[in-house]
Each structure stands twice: as C-alpha cells, then as structure tokens.
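To be precise, the following lines are protein-v8.txt, and they hold compact mmCIF, C-alpha atoms.
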# COMPACT_ATOMS: atom_id res chain seq x y z
CA MET R 1 14.20 13.10 1.19
CA SER R 2 10.40 13.24 1.21
CA ILE R 3 8.90 11.47 -1.80
CA LEU R 4 5.25 11.76 -0.75
CA GLU R 5 3.76 14.97 0.63
CA VAL R 6 0.13 15.23 1.71
CA SER R 7 -0.98 18.78 2.60
CA GLY R 8 -4.36 19.88 3.98
CA LEU R 9 -6.15 17.01 2.29
CA LYS R 10 -9.94 17.18 2.33
CA LYS R 11 -12.62 14.97 0.81
CA THR R 12 -16.32 15.70 1.03
CA TYR R 13 -18.97 13.42 -0.41
CA THR R 14 -22.41 14.76 -1.28
CA THR R 15 -25.42 12.48 -1.12
CA ARG R 16 -27.24 11.64 -4.32
CA PHE R 17 -29.74 14.47 -4.11
CA GLY R 18 -27.35 16.94 -2.51
CA GLY R 19 -29.11 16.94 0.83
CA ASN R 20 -26.22 15.90 3.05
CA LYS R 21 -22.47 16.23 2.94
CA VAL R 22 -20.07 13.77 4.55
CA GLU R 23 -16.53 14.83 5.39
CA ALA R 24 -14.43 11.71 4.85
CA LEU R 25 -11.17 13.65 5.22
CA LYS R 26 -10.99 17.02 7.00
CA ASN R 27 -7.41 18.26 7.09
CA VAL R 28 -4.84 15.49 6.62
CA SER R 29 -1.17 16.41 6.34
CA PHE R 30 1.90 14.17 6.52
CA GLY R 31 4.98 13.23 4.55
CA VAL R 32 6.71 9.97 3.73
CA GLU R 33 10.47 9.89 3.40
CA GLU R 34 12.26 7.80 0.80
CA GLY R 35 12.86 4.32 2.20
CA GLU R 36 10.25 4.67 4.97
CA TYR R 37 7.80 1.93 5.96
CA VAL R 38 4.61 3.58 7.21
CA ALA R 39 1.43 1.91 8.46
CA ILE R 40 -1.90 3.75 8.57
CA MET R 41 -4.49 2.61 11.11
CA GLY R 42 -7.93 3.69 12.28
CA GLU R 43 -11.40 2.38 12.93
CA SER R 44 -13.82 1.58 10.10
CA GLY R 45 -15.15 4.83 8.69
CA SER R 46 -12.15 6.85 9.85
CA GLY R 47 -11.15 7.79 6.30
CA LYS R 48 -8.32 5.29 5.68
CA THR R 49 -9.77 3.88 2.46
CA THR R 50 -10.60 7.33 1.11
CA LEU R 51 -7.05 8.45 1.86
CA LEU R 52 -5.58 5.39 0.14
CA ASN R 53 -7.75 5.91 -2.95
CA ILE R 54 -6.56 9.51 -3.26
CA LEU R 55 -2.91 8.50 -2.78
CA ALA R 56 -3.41 5.87 -5.50
CA ALA R 57 -4.81 8.55 -7.86
CA LEU R 58 -8.09 6.61 -7.99
CA ASP R 59 -10.02 9.49 -6.48
CA LYS R 60 -9.54 13.26 -6.31
CA PRO R 61 -9.57 15.38 -3.16
CA THR R 62 -12.03 18.18 -2.52
CA GLY R 63 -9.17 20.29 -1.20
CA GLY R 64 -5.49 20.09 -0.41
CA ARG R 65 -2.80 18.37 -2.44
CA VAL R 66 -0.85 15.15 -2.83
CA CYS R 67 2.61 15.30 -4.37
CA LEU R 68 4.67 12.27 -5.37
CA ASP R 69 8.26 13.17 -6.24
CA GLY R 70 7.18 16.79 -6.48
CA GLN R 71 4.39 16.09 -8.96
CA GLU R 72 0.90 17.03 -7.82
CA LEU R 73 -1.42 14.12 -8.59
CA ASN R 74 -4.48 16.31 -9.06
CA LYS R 75 -2.78 18.16 -11.91
CA ILE R 76 -1.94 15.08 -13.97
CA LYS R 77 -4.17 14.87 -17.04
CA GLU R 78 -6.79 12.14 -17.06
CA ALA R 79 -5.26 10.57 -20.17
CA GLN R 80 -1.90 10.24 -18.41
CA ILE R 81 -2.96 9.15 -14.94
CA SER R 82 -3.06 5.39 -15.67
CA ALA R 83 0.49 5.45 -17.03
CA PHE R 84 1.67 7.56 -14.07
CA ARG R 85 0.07 5.14 -11.61
CA ARG R 86 1.62 2.14 -13.39
CA ASP R 87 5.11 3.66 -13.56
CA HIS R 88 5.32 5.15 -10.06
CA LEU R 89 3.10 3.06 -7.79
CA GLY R 90 2.95 -0.62 -6.88
CA PHE R 91 -0.19 -2.12 -5.37
CA VAL R 92 -0.73 -5.05 -3.00
CA PHE R 93 -4.36 -5.86 -2.22
CA GLN R 94 -6.08 -7.99 0.41
CA ASP R 95 -7.76 -10.18 -2.23
CA PHE R 96 -4.62 -10.44 -4.43
CA ASN R 97 -6.39 -9.29 -7.66
CA LEU R 98 -4.79 -12.03 -9.76
CA LEU R 99 -6.26 -13.25 -13.06
CA ASP R 100 -7.02 -16.99 -12.90
CA THR R 101 -6.72 -17.39 -16.67
CA PHE R 102 -3.13 -16.07 -16.57
CA SER R 103 -0.17 -18.01 -15.24
CA VAL R 104 1.68 -16.65 -12.20
CA GLU R 105 4.41 -15.40 -14.53
CA ASP R 106 1.97 -13.59 -16.81
CA ASN R 107 0.17 -12.00 -13.84
CA ILE R 108 3.46 -10.52 -12.70
CA TYR R 109 4.34 -9.35 -16.21
CA LEU R 110 0.99 -7.61 -16.76
CA PRO R 111 1.99 -4.02 -15.78
CA LEU R 112 5.09 -4.28 -17.98
CA VAL R 113 3.05 -5.66 -20.87
CA LEU R 114 0.70 -2.68 -20.55
CA ALA R 115 3.76 -0.42 -20.59
CA GLY R 116 4.95 -2.02 -23.84
CA ARG R 117 8.14 -3.58 -22.42
CA HIS R 118 10.01 -6.26 -24.34
CA TYR R 119 9.86 -9.85 -23.07
CA THR R 120 13.63 -10.00 -22.54
CA GLU R 121 13.51 -7.01 -20.21
CA MET R 122 10.53 -8.45 -18.35
CA ARG R 123 12.34 -11.74 -17.82
CA GLU R 124 15.48 -9.97 -16.59
CA ARG R 125 13.43 -8.02 -14.07
CA LEU R 126 11.46 -11.03 -12.85
CA THR R 127 14.35 -13.44 -12.21
CA PRO R 128 15.86 -11.70 -9.13
CA ILE R 129 12.44 -10.75 -7.73
CA ALA R 130 11.13 -14.31 -8.02
CA GLY R 131 14.25 -15.57 -6.29
CA GLN R 132 13.92 -13.07 -3.45
CA LEU R 133 10.24 -13.89 -2.91
CA GLY R 134 10.69 -17.65 -3.26
CA ILE R 135 8.24 -18.11 -6.14
CA THR R 136 10.58 -19.29 -8.93
CA GLU R 137 9.16 -22.82 -8.78
CA ILE R 138 5.53 -21.73 -9.23
CA LEU R 139 5.87 -19.25 -12.12
CA LYS R 140 4.22 -21.60 -14.63
CA LYS R 141 1.31 -22.46 -12.32
CA TYR R 142 -2.04 -20.68 -12.20
CA PRO R 143 -3.45 -18.76 -9.23
CA TYR R 144 -6.03 -21.44 -8.47
CA GLU R 145 -3.19 -23.95 -8.06
CA ILE R 146 -1.31 -22.10 -5.31
CA SER R 147 -1.93 -21.13 -1.68
CA GLY R 148 -3.07 -17.77 -0.34
CA GLY R 149 0.41 -17.00 0.93
CA GLN R 150 1.89 -17.78 -2.47
CA LYS R 151 -0.74 -15.61 -4.18
CA GLN R 152 0.24 -12.68 -2.01
CA ARG R 153 3.91 -13.21 -2.87
CA VAL R 154 2.92 -13.11 -6.54
CA ALA R 155 1.03 -9.87 -5.89
CA VAL R 156 4.12 -8.40 -4.23
CA ALA R 157 6.25 -9.46 -7.22
CA ARG R 158 3.78 -7.75 -9.57
CA ALA R 159 4.02 -4.59 -7.44
CA LEU R 160 7.82 -4.64 -7.45
CA ILE R 161 8.51 -5.45 -11.09
CA THR R 162 7.91 -1.90 -12.34
CA GLY R 163 10.45 -0.51 -9.86
CA PRO R 164 7.84 1.73 -8.17
CA ARG R 165 8.71 4.77 -6.09
CA LEU R 166 6.04 3.77 -3.59
CA ILE R 167 4.20 0.56 -2.75
CA LEU R 168 0.65 1.01 -1.48
CA ALA R 169 -0.60 -2.02 0.44
CA ASP R 170 -4.29 -2.31 1.34
CA GLU R 171 -4.85 -4.80 4.19
CA PRO R 172 -2.19 -7.11 2.70
CA THR R 173 -2.47 -9.70 5.51
CA GLY R 174 -6.27 -9.64 5.70
CA ALA R 175 -6.83 -12.88 3.76
CA LEU R 176 -3.80 -14.78 5.11
CA ASP R 177 -3.39 -17.28 7.93
CA SER R 178 -0.88 -16.60 10.71
CA ARG R 179 2.00 -18.41 9.03
CA ALA R 180 1.50 -16.69 5.67
CA THR R 181 1.11 -13.37 7.50
CA ASP R 182 4.48 -13.83 9.22
CA GLU R 183 6.11 -14.70 5.90
CA LEU R 184 4.62 -11.67 4.12
CA LEU R 185 5.62 -9.27 6.90
CA GLY R 186 9.12 -10.70 6.79
CA LEU R 187 9.20 -10.06 3.04
CA PHE R 188 8.00 -6.50 3.48
CA ASN R 189 10.77 -5.89 6.01
CA ALA R 190 13.36 -7.35 3.63
CA ILE R 191 12.08 -5.28 0.71
CA ASN R 192 12.04 -2.15 2.86
CA HIS R 193 15.60 -2.79 4.06
CA LYS R 194 16.66 -2.74 0.42
CA GLY R 195 15.26 0.77 0.11
CA GLN R 196 11.68 0.25 -1.07
CA THR R 197 9.23 2.79 0.35
CA ILE R 198 6.02 1.19 1.65
CA LEU R 199 2.73 2.71 2.81
CA MET R 200 0.35 0.14 4.28
CA VAL R 201 -3.26 0.52 5.42
CA THR R 202 -4.11 -2.16 7.97
CA HIS R 203 -6.40 -3.15 10.84
CA SER R 204 -3.77 -5.60 12.08
CA VAL R 205 -1.75 -4.51 15.11
CA LYS R 206 0.73 -7.24 14.26
CA ALA R 207 1.23 -5.92 10.73
CA ALA R 208 1.57 -2.33 11.94
CA SER R 209 4.17 -3.36 14.53
CA HIS R 210 6.56 -4.23 11.68
CA ALA R 211 6.49 -0.67 10.28
CA GLY R 212 8.89 2.12 11.08
CA ARG R 213 6.08 4.57 11.77
CA VAL R 214 2.38 4.16 12.49
CA LEU R 215 -0.06 6.92 11.58
CA PHE R 216 -3.52 6.92 13.19
CA ILE R 217 -6.56 8.41 11.45
CA LYS R 218 -9.71 9.33 13.39
CA ASP R 219 -12.79 11.09 12.03
CA GLY R 220 -10.95 12.11 8.87
CA GLU R 221 -7.95 13.64 10.62
CA VAL R 222 -4.48 12.57 11.75
CA PHE R 223 -5.00 11.72 15.43
CA HIS R 224 -1.53 10.55 16.45
CA GLN R 225 1.62 8.88 15.15
CA ILE R 226 4.21 6.57 16.65
CA TYR R 227 7.82 6.22 15.51
CA ARG R 228 9.56 2.90 16.03
CA GLY R 229 12.82 4.36 17.28
CA ASN R 230 14.62 1.59 19.14
CA SER R 231 11.42 -0.33 19.92
CA THR R 232 11.20 -4.03 19.16
CA ASN R 233 8.20 -5.38 17.26
CA GLU R 234 6.69 -6.50 20.56
CA GLN R 235 7.16 -3.09 22.18
CA LEU R 236 5.70 -1.33 19.15
CA TYR R 237 2.80 -3.80 19.19
CA HIS R 238 1.86 -2.70 22.71
CA LYS R 239 2.20 1.00 21.84
CA VAL R 240 -0.06 0.57 18.81
CA SER R 241 -2.58 -1.44 20.81
CA ASP R 242 -2.70 1.22 23.54
CA THR R 243 -3.26 3.98 20.98
CA LEU R 244 -6.10 2.07 19.31
CA THR R 245 -7.72 1.71 22.72
CA LEU R 246 -7.39 5.46 23.17
CA LEU R 247 -9.06 6.03 19.81
CA ALA R 248 -11.91 3.66 20.65
CA THR R 249 -12.57 5.25 24.07
CA GLY R 250 -12.56 8.82 22.79
CA GLY R 251 -9.19 9.91 24.11
CA ASP R 252 -7.72 13.29 23.23
CA ARG R 253 -5.30 13.77 20.36
CA ARG R 254 -1.66 13.64 21.46

Represent the structure of the file as structure tokens.
Amino acid sequence: MSILEVSGLKKTYTTRFGGNKVEALKNVSFGVEEGEYVAIMGESGSGKTTLLNILAALDKPTGGRVCLDGQELNKIKEAQISAFRRDHLGFVFQDFNLLDTFSVEDNIYLPLVLAGRHYTEMRERLTPIAGQLGITEILKKYPYEISGGQKQRVAVARALITGPRLILADEPTGALDSRATDELLGLFNAINHKGQTILMVTHSVKAASHAGRVLFIKDGEVFHQIYRGNSTNEQLYHKVSDTLTLLATGGDRR
C-alpha cells in the first residue's frame, strides 16, 4: 500500500525583485510503499533539499501535490500543520538537532511533551526503543557528553518515539565517522525490517546502497531509479556509483 504519493510536483522560486525565476522542481512524481526504504540522490542543486522540505511540510509546492496516507499536505491548515508533522513524520538530521541543555532522555521525549503525552506513556514508549538502539545507559547524560554516533542514535530514537508513518532522514551519515556510519545504517536496516518506512536524502553511495530503492534527481526531475531486487549491498553500491557517473557526464535519462 502506497503511503506517500508525489504527483507532478513543481517548485519555482522568484528572485527578490521578480526579475528571474528558478525552477527547483519541474515535474516530480513517485510513490513510496508502506515499509519501503528509499534513498534519494542527486548532485548539489538538483532539487533534493527542496523536495525534502516539501515532503516535510516545511515548504509548499508551486504545483502538483503530496499526499501522506491520502491526506494532501497543501490542504492542511497552517494552524494544524505542526501537529500533523509531529504526529506523522519523524526526522533525522545531519547535525542531530539536539538541545545541549536537555538530557538525552528529555531530547527524545520532546515531541511527546509538545503533544501533551503523560510521562508514564513516554517512559513506556522509550524503554524498548532505547534498548533496540543501545542507548539505555546514556539516557541521563547530555548531548555534549556523548559521541557523534551516540547523538545520531538519540536523534533516531526521537524520530521513532511518536510512531511516525514516515521517517525523513536528511544526510544522516554526513557528520559521522565510518564506524558510526556503519552502525547507523545497520540500525536503519533493522528498523526498516520491523516495518518502518524510511525516505533518506543522501550524497553517500554507501548509505544509498543499504536502501531498497534509490531515486535519482537531476535538474529538478526524476532522472532514474534503481530497485535492489536480489542485489547485495556491494552490487547496489556499484549500480548507484555508475548512475551518479552518468548524471555527472550528462547521460540520457533511462
């Protein structure tokens, strides 16, 4: 079942004095099935960030539509959009976005606190997630006391605790060393195998090679996509790398 549907998405930015128009997205259409793990790739300026911002309901398209569970994001009232985003979407960022004055535990609880949940419910939700992500022992620490890899695990826990329909990850391995990257990608695979739908924007071929499908954006349009099928991570890595080369050398859309 498709939980995310993107149809004919367009985004045009007008310069300050209206002299020039920039088409960040031209005609983007794709769907994401429940339980899928999709990576989005493309060169800088290809429209990936614009697309992610629209999917996150942080920006509105010039044309086209985005539907999550059948609900068109552009039709949600401004007063309700923050609550919709909090209840349906989980976010994992490159720079973690943790509050240093809050403990690890309180950082994870934050979206539930904003939703008015009771502490008992929050604790019940956190216990299994902390165990799965291996962060139980650091819950009382503060972000400045833990490593980058641990911070990203905390960010993943914060994304998961609301039980989101979709996790949006923006360059989640960008600030991690190779070991922490491997650990995070392993966690994403484990979370996905339990049914969590993930959409990840990344420049990393290694990160993309862990996904079930890789979508390539070029000049504001969908250029190509690769399905994992029976490919190993290594085989998918080479397919992704070859496609990025094609994008960079001006190859034709497949």

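Shortest separation to Asn230 in chain R among R:His203, R:Lys11, R:Arg213, R:Lys140 occurs at residue R:Arg213, atoms counted being all atoms listed in the file.
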
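Going from CA of Glu23 in chain R over to CA of Glu5 in chain R, you cover 20.8 Å.
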
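Of note, CA of Gln235 in chain R and CA of Gly35 in chain R are spaced 22.1 Å apart.
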
Show me a table, sorted first by chain and then by increasing residue number, of the residues of range 132-170 of chain R having an atom at most 8 Å from range 79-90 of chain R, each with its shortest atom pair and the distance in Å to one decimal, counting all atoms listed in the file and written as a tab-separated table.
residue	atom	partner	partner_atom	distance
R:Arg158	CA	R:Gly90	CA	7.7
R:Ala159	CA	R:Gly90	CA	4.1
R:Leu160	CA	R:Gly90	CA	6.3
R:Thr162	CA	R:Asp87	CA	6.3
R:Gly163	CA	R:His88	CA	7.6
R:Pro164	CA	R:His88	CA	4.6
R:Arg165	CA	R:His88	CA	5.2
R:Leu166	CA	R:Leu89	CA	5.2
R:Ile167	CA	R:Gly90	CA	4.5
R:Leu168	CA	R:Gly90	CA	6.1

| message | Would you pick out the contacts of Ile146 in chain R at 12 Å or less, using only C-alpha atoms, so that residues sharing its chain but fewer than 5 positions from it are not included, and give the list as number ranges by chain? | response | R: 98, 100, 103-104, 135, 137-141, 151-154

| request: Compare R:Ala211, R:Val222, R:Leu247, R:Ala180 by their minimum atom-to-atom distance to Val28 in chain R, counting all atoms listed in the file, and give me the closest one. | output: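 Going through R:Ala211, R:Val222, R:Leu247, R:Ala180 one by one, the smallest distance to Val28 in chain R is for R:Val222.
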
| field | Nearest candidate to Pro128 in chain R (options R:Glu36, R:Asp69, R:Ile161, R:Met41; using only C-alpha atoms) | value |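 When distances to Pro128 in chain R are compared using only C-alpha atoms, the smallest one comes from R:Ile161.
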
| field | 7 Å contact set for range 214-220 of chain R, only C-alpha atoms, chain neighbours under 3 positions out, as number ranges by chain | value | R: 24-26, 38-42, 46-48, 208, 211, 223-227

Pull C-alpha atoms from the residues just selected and write them as a PDB file, keeping the file's coordinate frame.
ATOM      1  CA  ALA R  24     -14.430  11.710   4.850  1.00  0.00           C
ATOM      2  CA  LEU R  25     -11.170  13.650   5.220  1.00  0.00           C
ATOM      3  CA  LYS R  26     -10.990  17.020   7.000  1.00  0.00           C
ATOM      4  CA  VAL R  38       4.610   3.580   7.210  1.00  0.00           C
ATOM      5  CA  ALA R  39       1.430   1.910   8.460  1.00  0.00           C
ATOM      6  CA  ILE R  40      -1.900   3.750   8.570  1.00  0.00           C
ATOM      7  CA  MET R  41      -4.490   2.610  11.110  1.00  0.00           C
ATOM      8  CA  GLY R  42      -7.930   3.690  12.280  1.00  0.00           C
ATOM      9  CA  SER R  46     -12.150   6.850   9.850  1.00  0.00           C
ATOM     10  CA  GLY R  47     -11.150   7.790   6.300  1.00  0.00           C
ATOM     11  CA  LYS R  48      -8.320   5.290   5.680  1.00  0.00           C
ATOM     12  CA  ALA R 208       1.570  -2.330  11.940  1.00  0.00           C
ATOM     13  CA  ALA R 211       6.490  -0.670  10.280  1.00  0.00           C
ATOM     14  CA  PHE R 223      -5.000  11.720  15.430  1.00  0.00           C
ATOM     15  CA  HIS R 224      -1.530  10.550  16.450  1.00  0.00           C
ATOM     16  CA  GLN R 225       1.620   8.880  15.150  1.00  0.00           C
ATOM     17  CA  ILE R 226       4.210   6.570  16.650  1.00  0.00           C
ATOM     18  CA  TYR R 227       7.820   6.220  15.510  1.00  0.00           C
TER      19      TYR R 227
END

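CA of Tyr237 in chain R lies 6.4 Å from CA of Lys206 in chain R.
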